[in-house]
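Below is data-v4.csv, holding CSV, C-alpha atoms.
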```csv
chain,number,residue,atom,x,y,z
A,65,ALA,CA,4.5,11.5,-15.7
A,66,SER,CA,0.9,12.1,-16.8
A,67,PRO,CA,-0.7,15.4,-16.0
A,68,LEU,CA,-1.7,15.5,-12.3
A,69,PRO,CA,-5.4,15.6,-11.6
A,70,GLN,CA,-6.8,18.9,-10.3
A,71,ALA,CA,-7.7,18.6,-6.6
A,72,LYS,CA,-11.5,18.4,-7.0
A,73,GLY,CA,-12.3,15.1,-5.4
A,74,LYS,CA,-14.3,14.7,-2.2
A,75,TYR,CA,-11.2,13.6,-0.2
A,76,ASP,CA,-8.5,15.6,-1.9
A,77,THR,CA,-6.3,18.1,-0.3
A,78,THR,CA,-5.7,21.3,-2.2
A,79,GLU,CA,-2.0,21.5,-1.1
A,80,LYS,CA,0.7,21.4,-3.7
A,81,PRO,CA,2.0,17.8,-4.3
A,82,THR,CA,5.4,16.9,-3.0
A,83,PRO,CA,8.0,16.5,-5.8
A,84,TRP,CA,8.2,13.1,-7.4
A,85,ASP,CA,11.9,12.7,-6.5
A,86,ASP,CA,11.2,13.3,-2.8
A,87,VAL,CA,8.2,10.9,-2.7
A,88,THR,CA,10.1,8.1,-4.5
A,89,THR,CA,13.4,8.4,-2.6
A,90,TYR,CA,12.3,8.9,1.1
A,91,ASN,CA,10.4,5.8,2.2
A,92,ASN,CA,9.9,3.3,5.0
A,93,TYR,CA,9.8,-0.1,3.3
A,94,TYR,CA,11.9,-2.3,5.6
A,95,GLU,CA,11.6,-5.1,3.1
A,96,PHE,CA,14.4,-3.2,1.3
A,97,GLY,CA,16.2,-1.9,4.4
A,98,THR,CA,15.9,0.5,7.3
A,99,GLY,CA,17.3,3.6,5.7
A,100,LYS,CA,14.9,6.0,4.1
A,101,ASP,CA,16.9,5.8,0.8
A,102,ASP,CA,17.2,2.0,0.8
A,103,PRO,CA,14.0,1.3,-1.2
A,104,ALA,CA,15.1,3.6,-4.0
A,105,ARG,CA,18.6,2.1,-4.1
A,106,LEU,CA,17.7,-1.6,-3.5
A,107,ALA,CA,14.4,-2.2,-5.4
A,108,LYS,CA,16.1,-2.9,-8.7
A,109,ASN,CA,15.2,-6.6,-8.6
A,110,PHE,CA,11.7,-6.0,-7.4
A,111,LYS,CA,9.1,-7.7,-9.5
A,112,PRO,CA,5.4,-7.0,-8.6
A,113,SER,CA,4.3,-9.6,-11.2
A,114,PRO,CA,3.3,-12.3,-11.0
A,115,TRP,CA,1.9,-11.7,-7.6
A,116,THR,CA,-1.3,-12.8,-5.9
A,117,VAL,CA,-3.5,-11.3,-3.3
A,118,SER,CA,-5.6,-13.7,-1.2
A,119,VAL,CA,-8.5,-13.0,1.0
A,120,GLU,CA,-9.3,-15.8,3.4
A,121,GLY,CA,-10.7,-16.3,6.9
A,122,MET,CA,-14.1,-15.0,8.0
A,123,VAL,CA,-15.5,-14.2,4.6
A,124,LYS,CA,-18.3,-15.9,2.5
A,125,LYS,CA,-16.2,-15.6,-0.7
A,126,PRO,CA,-12.5,-16.5,0.0
A,127,THR,CA,-10.7,-15.4,-3.1
A,128,LYS,CA,-7.2,-15.4,-4.6
A,129,TRP,CA,-6.4,-13.0,-7.4
A,130,ASN,CA,-3.5,-12.4,-9.7
A,131,LEU,CA,-2.5,-8.8,-8.8
A,132,ASP,CA,-3.2,-7.6,-12.4
A,133,ASP,CA,-6.6,-9.2,-12.4
A,134,LEU,CA,-7.4,-7.7,-9.0
A,135,ILE,CA,-6.5,-4.2,-10.2
A,136,LYS,CA,-8.5,-4.6,-13.4
A,137,GLY,CA,-11.6,-5.7,-11.4
A,138,PHE,CA,-12.1,-2.3,-9.7
A,139,THR,CA,-12.7,1.2,-11.0
A,140,THR,CA,-9.8,3.3,-10.0
A,141,GLU,CA,-9.9,6.9,-9.0
A,142,ASP,CA,-7.4,9.7,-8.3
A,143,ARG,CA,-6.9,11.1,-4.8
A,144,ILE,CA,-4.5,13.6,-3.5
A,145,TYR,CA,-3.7,12.9,0.1
A,146,ARG,CA,-1.4,14.5,2.6
A,147,MET,CA,0.4,11.8,4.7
A,148,ARG,CA,1.7,12.8,8.1
A,149,CYS,CA,4.2,10.6,9.9
A,150,VAL,CA,5.0,10.5,13.6
A,151,GLU,CA,8.6,10.9,12.5
A,152,ALA,CA,7.8,14.6,11.8
A,153,TRP,CA,7.6,14.5,8.0
A,154,SER,CA,4.7,14.8,5.7
A,155,MET,CA,4.1,14.5,1.9
A,156,VAL,CA,1.3,15.4,-0.4
A,157,ILE,CA,0.9,12.6,-3.0
A,158,PRO,CA,-1.4,12.1,-6.0
A,159,TRP,CA,-2.5,8.5,-5.8
A,160,ALA,CA,-4.5,6.2,-8.1
A,161,GLY,CA,-6.4,3.3,-6.6
A,162,PHE,CA,-9.8,2.2,-5.3
A,163,PRO,CA,-11.5,2.2,-1.9
A,164,LEU,CA,-10.6,-0.8,0.3
A,165,LYS,CA,-14.3,-1.1,1.1
A,166,ALA,CA,-14.9,-2.2,-2.5
A,167,LEU,CA,-12.5,-5.1,-2.0
A,168,ILE,CA,-13.9,-6.0,1.4
A,169,ASP,CA,-17.5,-5.9,0.2
A,170,ARG,CA,-16.7,-8.2,-2.8
A,171,CYS,CA,-15.4,-10.9,-0.3
A,172,ALA,CA,-18.6,-10.6,1.9
A,173,PRO,CA,-17.2,-10.7,5.4
A,174,LEU,CA,-19.2,-12.7,7.9
A,175,PRO,CA,-21.1,-10.7,10.5
A,176,SER,CA,-18.8,-12.1,13.2
A,177,ALA,CA,-15.7,-10.7,11.4
A,178,LYS,CA,-14.2,-7.8,13.4
A,179,PHE,CA,-10.8,-7.2,11.8
A,180,VAL,CA,-8.9,-7.1,8.5
A,181,GLU,CA,-5.3,-8.5,8.6
A,182,PHE,CA,-2.7,-7.5,6.1
A,183,LYS,CA,0.4,-9.7,5.7
A,184,THR,CA,3.4,-9.0,3.5
A,185,LEU,CA,5.0,-11.3,1.0
A,186,VAL,CA,8.2,-12.9,2.3
A,187,ASP,CA,10.8,-13.2,-0.5
A,188,PRO,CA,14.4,-12.4,0.7
A,189,ASN,CA,15.6,-12.8,-3.0
A,190,GLN,CA,13.6,-9.6,-3.9
A,191,PHE,CA,13.6,-8.0,-0.5
A,192,PRO,CA,17.1,-7.6,0.9
A,193,GLY,CA,15.8,-6.2,4.2
A,194,GLN,CA,14.2,-9.6,4.9
A,195,ARG,CA,17.6,-11.4,4.9
A,196,ARG,CA,18.5,-12.2,8.5
A,197,SER,CA,22.2,-11.8,7.5
A,198,VAL,CA,21.6,-8.2,6.6
A,199,PHE,CA,19.5,-6.9,9.6
A,200,GLY,CA,19.9,-9.7,12.1
A,201,SER,CA,16.8,-10.5,14.1
A,202,ALA,CA,15.5,-7.0,14.6
A,203,LEU,CA,12.5,-7.4,12.3
A,204,ASP,CA,10.1,-10.3,12.1
A,205,TRP,CA,8.7,-11.4,8.7
A,206,PRO,CA,6.1,-11.4,7.4
A,207,TYR,CA,5.1,-7.9,8.5
A,208,VAL,CA,1.5,-8.1,9.8
A,209,GLU,CA,-0.8,-5.1,10.3
A,210,GLY,CA,-4.5,-4.9,11.0
A,211,LEU,CA,-7.5,-2.6,11.0
A,212,ARG,CA,-10.9,-2.9,12.6
A,213,ILE,CA,-13.7,-3.5,10.0
A,214,ASP,CA,-15.0,0.0,10.5
A,215,GLU,CA,-11.6,1.5,9.9
A,216,ALA,CA,-11.0,-0.7,6.8
A,217,THR,CA,-14.3,0.3,5.3
A,218,HIS,CA,-14.0,4.0,6.0
A,219,PRO,CA,-14.1,6.0,2.8
A,220,LEU,CA,-10.5,7.2,3.3
A,221,ALA,CA,-9.1,3.7,3.4
A,222,PHE,CA,-7.6,3.2,-0.1
A,223,ILE,CA,-5.8,0.5,-2.1
A,224,ALA,CA,-3.1,2.4,-4.0
A,225,THR,CA,-2.3,1.2,-7.5
A,226,GLY,CA,-0.1,4.1,-8.6
A,227,ILE,CA,1.2,7.5,-8.0
A,228,TYR,CA,1.6,10.6,-10.2
A,229,GLY,CA,-0.4,9.1,-13.1
A,230,LYS,CA,1.9,6.0,-13.2
```
Turn the structure described in the file into structure tokens.
Amino acid sequence: ASPLPQAKGKYDTTEKPTPWDDVTTYNNYYEFGTGKDDPARLAKNFKPSPWTVSVEGMVKKPTKWNLDDLIKGFTTEDRIYRMRCVEAWSMVIPWAGFPLKALIDRCAPLPSAKFVEFKTLVDPNQFPGQRRSVFGSALDWPYVEGLRIDEATHPLAFIATGIYGK
């Protein structure tokens, strides 16, 4: 991995980063399974390209980007965040990415827009956790999450494009 940035940013923690192996093998990505180690074991066929990201709905500029073009269109920065989970674990992770606000501003939400909705890709060929035969009907796909506009444009809301300099 590339050298880690020194914690000097406005939003960085000064805590020691969690080891790479811990960060990359203890995850909640139900697209790959419900076990914490499932993503590390089952992501071998995962292909993040070619992917698209689309912004639609209550915006003046609905847009669809190729993921690579989207990432190139924003200035990335490094941030070291401590993530705390309700499951009683936490990790300190050096991220690369850009503020979600920059993406939202580029799409020019209408004044009447109140929320940002995030919806996952459904692709059972890449995501074994999305196969009904594997997990039954316990999880509905696509996974949908949302934030209020004020939450989504908060300076801490971040689109991560990498970790540990990768």
Margin query: So that I can check the surroundings of Val208 in chain A, please list as a ChimeraX atom specification every protein, DNA and RNA residue that reaches within 12 Å of it, counting only C-alpha atoms and ignoring chain neighbours fewer than 2 positions away.
Written below: /A:180-186,203-206,210-211
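CA of Asp187 in chain A lies 13.8 Å from CA of Leu106 in chain A.
Closest approach to Ile135 in chain A among A:Tyr93, A:Ala104, A:Leu167, A:Gly121: A:Leu167, based on all atoms listed in the file.
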Q.
So that I can see what lies close to range 142-152 of chain A, please list as number ranges by chain the residues with an atom at most 9 Å from it, counting all atoms listed in the file and leaving out residues fewer than 6 positions away in the same chain.
A. A: 69-79, 81, 158-162, 227, 229
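If you measure from each of A:Asn109, A:Ser118, A:Thr225, A:Ser154 to Pro188 in chain A using only C-alpha atoms, the closest one turns out to be A:Asn109.
Residue nearest Gly97 in chain A within the list A:Pro175, A:Gly193, A:Pro163, A:Gly226: A:Gly193 [criterion: smallest interatomic distance, all atoms listed in the file].
Counting from CA of Ile168 in chain A, the distance to CA of Met122 in chain A is 11.2 Å.
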Judged by only C-alpha atoms, the minimum distance to Lys165 in chain A among A:Thr127, A:Ser113, A:Gln194, A:Thr217 is found for A:Thr217
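What separates CA of Pro173 in chain A from CA of Asp132 in chain A is a distance of 22.9 Å.
Considering only C-alpha atoms, the residue among A:Phe222, A:Phe191, A:Phe138, A:Trp129 positioned nearest to Lys111 in chain A is A:Phe191.
Of the residues listed (A:His218, A:Lys100, A:Lys108, A:Lys230), A:His218 shows the shortest atom-to-atom separation from Ala166 in chain A; distances use all atoms listed in the file.
Here the residues that fall within 9 Å of (-14.8, -3.0, 11.8), using only C-alpha atoms, are given as Ala177, Lys178, Phe179, Val180, Leu211, Arg212, Ile213, Asp214, Glu215, Ala216 and Thr217 of chain A.
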